[in-house]
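Undergrad: work.txt is reproduced below (compact mmCIF, C-alpha atoms).
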```txt
# COMPACT_ATOMS: atom_id res chain seq x y z
CA MET R 4 21.54 -3.30 -29.80
CA PRO R 5 23.71 -2.20 -26.85
CA ARG R 6 21.92 -2.61 -23.56
CA ASP R 7 22.40 1.02 -22.59
CA GLN R 8 20.30 1.99 -25.62
CA LEU R 9 17.33 -0.16 -24.66
CA ALA R 10 14.23 1.45 -23.15
CA LEU R 11 13.96 1.15 -19.37
CA ARG R 12 11.14 2.61 -17.32
CA THR R 13 12.26 4.53 -14.24
CA PRO R 14 10.40 6.76 -11.77
CA ARG R 15 9.95 10.37 -12.79
CA ILE R 16 11.86 13.14 -11.06
CA PHE R 17 9.63 16.15 -10.42
CA GLU R 18 10.63 19.79 -10.29
CA ASP R 19 7.08 21.15 -10.12
CA LEU R 20 5.06 20.37 -6.98
CA ALA R 21 1.74 20.70 -8.80
CA VAL R 22 2.84 18.15 -11.39
CA GLU R 23 4.08 15.82 -8.68
CA ARG R 24 0.80 16.18 -6.79
CA ARG R 25 -1.18 15.29 -9.89
CA HIS R 26 1.02 12.26 -10.49
CA ARG R 27 0.46 11.02 -6.93
CA GLN R 28 -3.29 11.55 -7.27
CA GLU R 29 -3.41 9.61 -10.53
CA SER R 30 -1.30 6.80 -9.07
CA LEU R 31 -3.58 6.70 -6.04
CA VAL R 32 -6.69 6.34 -8.22
CA ILE R 33 -5.01 3.61 -10.25
CA ALA R 34 -4.18 1.76 -7.02
CA PHE R 35 -7.81 1.99 -5.87
CA ARG R 36 -9.10 0.67 -9.19
CA LEU R 37 -6.63 -2.22 -9.00
CA PHE R 38 -7.67 -3.05 -5.45
CA GLY R 39 -11.28 -3.05 -6.60
CA LYS R 40 -10.45 -5.26 -9.56
CA PHE R 41 -8.60 -7.73 -7.33
CA GLY R 42 -11.44 -7.86 -4.80
CA PHE R 43 -9.52 -6.28 -1.94
CA GLU R 44 -12.35 -4.07 -0.71
CA GLU R 45 -15.11 -5.11 1.66
CA GLY R 46 -17.88 -2.57 2.04
CA ILE R 47 -16.50 0.63 3.50
CA ALA R 48 -13.31 -1.00 4.83
CA GLY R 49 -9.95 -0.14 3.33
CA HIS R 50 -7.92 2.93 2.49
CA ILE R 51 -4.82 4.02 0.62
CA THR R 52 -3.18 7.36 1.36
CA ALA R 53 -0.61 9.51 -0.41
CA ARG R 54 1.33 12.30 1.28
CA ASP R 55 0.94 15.68 -0.41
CA PRO R 56 4.33 16.74 -1.85
CA GLU R 57 3.92 20.38 -0.81
CA HIS R 58 1.95 20.18 2.44
CA THR R 59 3.77 17.17 3.79
CA ASP R 60 1.64 16.84 6.94
CA HIS R 61 -1.44 16.42 4.69
CA PHE R 62 -2.45 13.29 2.82
CA TRP R 63 -4.86 12.34 0.05
CA VAL R 64 -7.32 9.54 0.77
CA ASN R 65 -10.42 7.87 -0.64
CA PRO R 66 -13.91 9.20 0.15
CA TYR R 67 -15.91 7.42 2.82
CA GLY R 68 -18.34 4.86 1.41
CA MET R 69 -17.24 5.04 -2.23
CA SER R 70 -16.30 1.86 -4.07
CA PHE R 71 -12.66 1.53 -5.04
CA LYS R 72 -13.92 0.66 -8.52
CA HIS R 73 -15.48 4.09 -9.02
CA ILE R 74 -12.95 6.52 -7.51
CA ARG R 75 -11.68 9.27 -9.80
CA VAL R 76 -9.08 11.97 -9.23
CA SER R 77 -11.81 14.53 -8.54
CA ASP R 78 -13.19 12.34 -5.74
CA LEU R 79 -9.99 12.29 -3.67
CA VAL R 80 -9.96 14.06 -0.32
CA LEU R 81 -7.07 15.98 1.23
CA VAL R 82 -6.83 15.79 5.02
CA ASN R 83 -4.54 17.72 7.35
CA SER R 84 -2.79 16.47 10.49
CA ALA R 85 -5.80 17.39 12.63
CA GLY R 86 -8.17 15.30 10.53
CA ASP R 87 -9.82 18.27 8.82
CA VAL R 88 -10.84 17.93 5.17
CA VAL R 89 -9.11 20.83 3.42
CA HIS R 90 -9.89 19.79 -0.15
CA GLY R 91 -12.73 17.66 -1.47
CA ARG R 92 -16.44 17.28 -0.95
CA TYR R 93 -16.66 13.99 0.93
CA ASP R 94 -16.13 12.79 4.47
CA ILE R 95 -13.45 10.18 5.19
CA ASN R 96 -13.29 6.91 7.07
CA GLU R 97 -12.42 7.60 10.71
CA ALA R 98 -10.11 4.59 10.79
CA ALA R 99 -8.25 5.90 7.74
CA PHE R 100 -7.26 9.02 9.62
CA ALA R 101 -6.56 7.23 12.91
CA ILE R 102 -4.16 4.77 11.27
CA HIS R 103 -2.63 6.65 8.38
CA SER R 104 -2.06 9.97 10.17
CA GLN R 105 0.13 8.20 12.70
CA ILE R 106 2.05 6.23 10.09
CA HIS R 107 2.75 9.34 8.01
CA ALA R 108 3.80 11.21 11.17
CA ALA R 109 6.11 8.44 12.35
CA ARG R 110 7.64 7.72 8.94
CA PRO R 111 8.43 11.01 7.12
CA GLU R 112 10.06 9.11 4.24
CA VAL R 113 6.87 7.18 3.54
CA VAL R 114 4.82 8.64 0.69
CA ALA R 115 1.96 6.13 0.73
CA ALA R 116 0.30 3.54 2.94
CA ALA R 117 -2.22 0.87 1.94
CA HIS R 118 -4.59 -1.13 4.10
CA SER R 119 -7.64 -3.15 3.15
CA HIS R 120 -9.51 -6.22 4.32
CA SER R 121 -8.29 -8.60 1.63
CA LEU R 122 -9.32 -12.23 2.09
CA HIS R 123 -5.97 -13.97 2.48
CA GLY R 124 -4.41 -11.17 4.48
CA LYS R 125 -7.29 -11.48 6.93
CA ALA R 126 -6.94 -15.24 7.07
CA LEU R 127 -3.21 -15.08 7.77
CA SER R 128 -3.75 -12.38 10.40
CA ALA R 129 -6.17 -14.67 12.23
CA LEU R 130 -3.29 -17.10 12.81
CA GLY R 131 -1.14 -14.45 14.45
CA GLU R 132 1.77 -15.52 12.25
CA LYS R 133 4.26 -13.71 10.05
CA LEU R 134 5.11 -14.58 6.48
CA GLU R 135 7.63 -17.39 6.13
CA PRO R 136 10.41 -17.59 3.50
CA ILE R 137 8.83 -20.30 1.37
CA THR R 138 8.77 -18.66 -2.08
CA GLN R 139 10.95 -16.24 -4.01
CA ASP R 140 8.28 -13.54 -4.00
CA VAL R 141 7.72 -13.58 -0.25
CA CYS R 142 11.43 -12.99 0.33
CA ALA R 143 10.72 -9.32 -0.43
CA PHE R 144 9.32 -9.26 3.12
CA TYR R 145 12.05 -11.32 4.75
CA GLU R 146 12.98 -9.61 8.01
CA ASP R 147 11.14 -6.56 6.68
CA HIS R 148 7.64 -6.96 8.09
CA SER R 149 6.20 -7.15 11.57
CA LEU R 150 3.20 -8.41 13.51
CA TYR R 151 0.91 -6.22 15.60
CA GLU R 152 -0.13 -8.73 18.24
CA GLU R 153 -3.20 -6.94 19.56
CA TYR R 154 -6.75 -6.53 18.41
CA ASN R 155 -8.69 -3.79 20.15
CA GLY R 156 -11.76 -3.51 17.95
CA LEU R 157 -12.41 -0.80 15.37
CA VAL R 158 -9.57 1.66 15.03
CA ASP R 159 -11.35 4.88 15.96
CA ASP R 160 -8.66 6.84 17.79
CA THR R 161 -5.16 8.01 17.00
CA GLU R 162 -3.64 6.23 20.00
CA GLU R 163 -4.45 2.89 18.39
CA GLY R 164 -3.02 4.23 15.15
CA ARG R 165 0.11 5.19 17.05
CA ARG R 166 0.44 1.63 18.38
CA ILE R 167 0.09 0.26 14.85
CA ALA R 168 2.76 2.70 13.63
CA ARG R 169 5.09 1.55 16.42
CA ALA R 170 4.49 -2.09 15.46
CA LEU R 171 5.25 -1.28 11.82
CA GLY R 172 8.52 0.32 12.89
CA GLY R 173 10.88 0.79 9.99
CA HIS R 174 9.46 -2.08 7.95
CA LYS R 175 7.55 -2.05 4.68
CA ALA R 176 4.58 -3.99 6.07
CA VAL R 177 2.77 -5.10 9.19
CA ILE R 178 0.26 -7.88 9.81
CA LEU R 179 -2.53 -6.64 12.07
CA ARG R 180 -3.69 -9.65 14.08
CA ASN R 181 -7.35 -10.56 13.46
CA HIS R 182 -7.59 -7.60 11.08
CA GLY R 183 -5.50 -7.74 7.91
CA ILE R 184 -2.33 -6.36 6.36
CA LEU R 185 -0.85 -2.91 5.83
CA THR R 186 2.00 -1.81 3.58
CA VAL R 187 3.97 1.39 3.03
CA GLY R 188 6.30 2.75 0.38
CA ARG R 189 8.30 5.72 -0.82
CA SER R 190 5.84 5.98 -3.69
CA VAL R 191 2.18 5.18 -4.19
CA GLU R 192 3.23 2.53 -6.66
CA ALA R 193 5.51 0.82 -4.16
CA ALA R 194 2.97 0.77 -1.33
CA ALA R 195 0.29 -0.63 -3.65
CA TRP R 196 2.57 -3.28 -5.12
CA TRP R 197 3.71 -4.41 -1.68
CA PHE R 198 0.07 -4.88 -0.73
CA VAL R 199 -0.70 -6.87 -3.88
CA THR R 200 2.24 -9.22 -3.50
CA MET R 201 1.81 -9.52 0.28
CA GLU R 202 -1.80 -10.60 -0.21
CA ARG R 203 -0.67 -13.19 -2.76
CA SER R 204 2.14 -14.35 -0.52
CA SER R 205 -0.38 -14.78 2.30
CA GLN R 206 -2.49 -16.91 -0.01
CA ALA R 207 0.53 -19.00 -1.05
CA GLN R 208 1.49 -19.62 2.59
CA LEU R 209 -2.03 -20.64 3.58
CA LEU R 210 -2.30 -23.02 0.63
CA ALA R 211 1.16 -24.54 1.07
CA LYS R 212 0.82 -25.14 4.81
CA ALA R 213 -2.63 -26.63 4.34
CA ALA R 214 -1.21 -29.04 1.77
CA GLY R 215 1.71 -30.29 3.80
CA LYS R 216 5.08 -29.50 5.31
CA VAL R 217 6.70 -26.46 3.71
CA VAL R 218 10.38 -26.16 2.83
CA HIS R 219 11.95 -22.91 4.01
CA ILE R 220 14.51 -20.94 2.06
CA ASP R 221 17.66 -20.65 4.14
CA HIS R 222 18.48 -17.38 5.89
CA GLU R 223 21.38 -16.30 3.66
CA THR R 224 19.47 -16.94 0.44
CA ALA R 225 16.29 -15.31 1.72
CA ALA R 226 18.21 -12.24 2.87
CA ALA R 227 20.06 -11.97 -0.45
CA THR R 228 16.79 -12.33 -2.36
CA CYS R 229 15.25 -9.60 -0.23
CA ARG R 230 18.10 -7.29 -1.15
CA ASP R 231 17.39 -8.02 -4.82
CA ILE R 232 13.59 -7.75 -4.87
CA GLY R 233 12.71 -5.94 -1.65
CA THR R 234 13.44 -2.36 -2.69
CA ASP R 235 10.81 0.25 -3.43
CA ALA R 236 12.43 0.76 -6.83
CA PHE R 237 11.76 -2.90 -7.63
CA ALA R 238 8.18 -2.53 -6.37
CA TRP R 239 7.68 0.52 -8.61
CA VAL R 240 8.73 -1.47 -11.67
CA ASN R 241 6.40 -4.34 -10.78
CA PHE R 242 3.49 -1.93 -10.49
CA GLN R 243 3.89 -0.59 -14.03
CA PRO R 244 2.22 -3.46 -15.96
CA LEU R 245 -0.77 -3.21 -13.59
CA ARG R 246 -0.87 0.54 -14.12
CA ASP R 247 -0.88 0.06 -17.88
CA GLN R 248 -3.79 -2.39 -17.71
CA ILE R 249 -6.01 -0.05 -15.72
CA VAL R 250 -5.20 3.05 -17.75
CA ARG R 251 -5.98 1.17 -20.94
CA ASP R 252 -9.18 -0.48 -19.70
CA GLU R 253 -10.72 2.28 -17.60
CA THR R 254 -10.86 5.64 -19.33
CA ASP R 255 -12.64 7.67 -16.63
CA LEU R 256 -9.78 7.78 -14.13
CA PHE R 257 -8.35 11.21 -14.73
CA ASP R 258 -11.36 13.50 -15.07
```
Let me see the file written as structure tokens.
TA:
Amino acid sequence: MPRDQLALRTPRIFEDLAVERRHRQESLVIAFRLFGKFGFEEGIAGHITARDPEHTDHFWVNPYGMSFKHIRVSDLVLVNSAGDVVHGRYDINEAAFAIHSQIHAARPEVVAAAHSHSLHGKALSALGEKLEPITQDVCAFYEDHSLYEEYNGLVDDTEEGRRIARALGGHKAVILRNHGILTVGRSVEAAAWWFVTMERSSQAQLLAKAAGKVVHIDHETAAATCRDIGTDAFAWVNFQPLRDQIVRDETDLFD
């Protein structure tokens, strides 16, 4: 069969804001369930946000104190740029607003941001090191992630969030020293996938360097690989098998 006649999944193009909003909400819930399944949550820590497609200075976020494994579309909370809950019945994590409001404000092209206290992201952050080009997968972050070299305790004010946003810059991810990792994307799917693969890349680096001397991929090859696998479109595609698993296994997502 000619290749141009084969099925290929691509992101939807939306003409209706309400439909696009619903899609972002569903993708956000799927991302939370995946993070719960992968063990990325720790108590009340962690948040993923999605910019509202109509009210672009508002974002959807998880309720404070609710397990990622239980979040449904009806549980999501919409917050405005002042931190007021304008839709939903739950309070939100103060750190979620302090960090994510500043990232969404600084990066208008970013639709979603993901941060949680995943084990290997925390461990790598404790070293104050960036990811090194030692595997094909990690090359997605080659020269496209940064390190926030401060730790000032709990993030409870927007000024700290602003500093994190500045450290992120124009990259897809930032390592927060002594804290964890944070990723962003032009879709919920991209931001979530970048977090998943960054966590795994952190694990691979920790394991490899503990085992012995690592072999780095050379600059030209790493940069070329990043151009191939470091786009949000590529991240979106990688997220789809994970999306399918959750939708098939957990039927209470879209109440």
Undergrad: Measure the distance from atom CA of Phe237 of chain R to atom CA of Pro14 of chain R in Å and round it to one decimal.
TA: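 It comes out at 10.6 Å.
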Undergrad: What is the atom CA of Lys175 of chain R to atom CA of Arg246 of chain R distance in Å?
TA: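 Atom CA of Arg246 of chain R lies 20.8 Å from atom CA of Lys175 of chain R.
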Undergrad: Suppose you want the space between atom CA of Thr228 of chain R and atom CA of Val240 of chain R; what is it in Å?
TA: 16.4 Å
Undergrad: Between R:Leu37, R:Ala238, R:Val113, R:Val177, single out the one closest to Thr200 of chain R, counting all atoms listed in the file.
TA: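 The shortest atom-to-atom distance to Thr200 of chain R comes from R:Ala238.
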Undergrad: Determine, counting all atoms listed in the file, every residue of protein, DNA or RNA that lies within 10 Å of (-0.8, -13.5, 8.0) in the file coordinates, then give the result as a VMD selection string.
TA: chain R and resid 123 to 135 150 177 to 184 201 to 202 204 to 206 208 to 209
Undergrad: Quick one: residues within 12 Å of Phe100 of chain R, only C-alpha atoms, excluding same-chain residues fewer than 3 positions away - as an NGL selection string?
TA: :R and (49-52 or 61-67 or 80-88 or 94-97 or 103-108 or 116 or 118 or 158-165)
Undergrad: R:Glu153, R:Glu23, R:Asp60, R:Glu223: which is nearest Ala109 of chain R, counting all atoms listed in the file?
TA: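 That would be R:Asp60, the residue with the smallest distance to Ala109 of chain R.
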Undergrad: With distances taken over all atoms listed in the file, which of R:Val89, R:Ile220, R:Ile47, R:Met4 is nearest to Met69 of chain R?
TA: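 The closest residue to Met69 of chain R is R:Ile47.
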Undergrad: Would you please work out which residue, of R:Ile33, R:Leu9, R:Ala21, R:Ala48, is nearest to Asp247 of chain R when using all atoms listed in the file?
TA: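 Nearest candidate to Asp247 of chain R out of R:Ile33, R:Leu9, R:Ala21, R:Ala48: R:Ile33.
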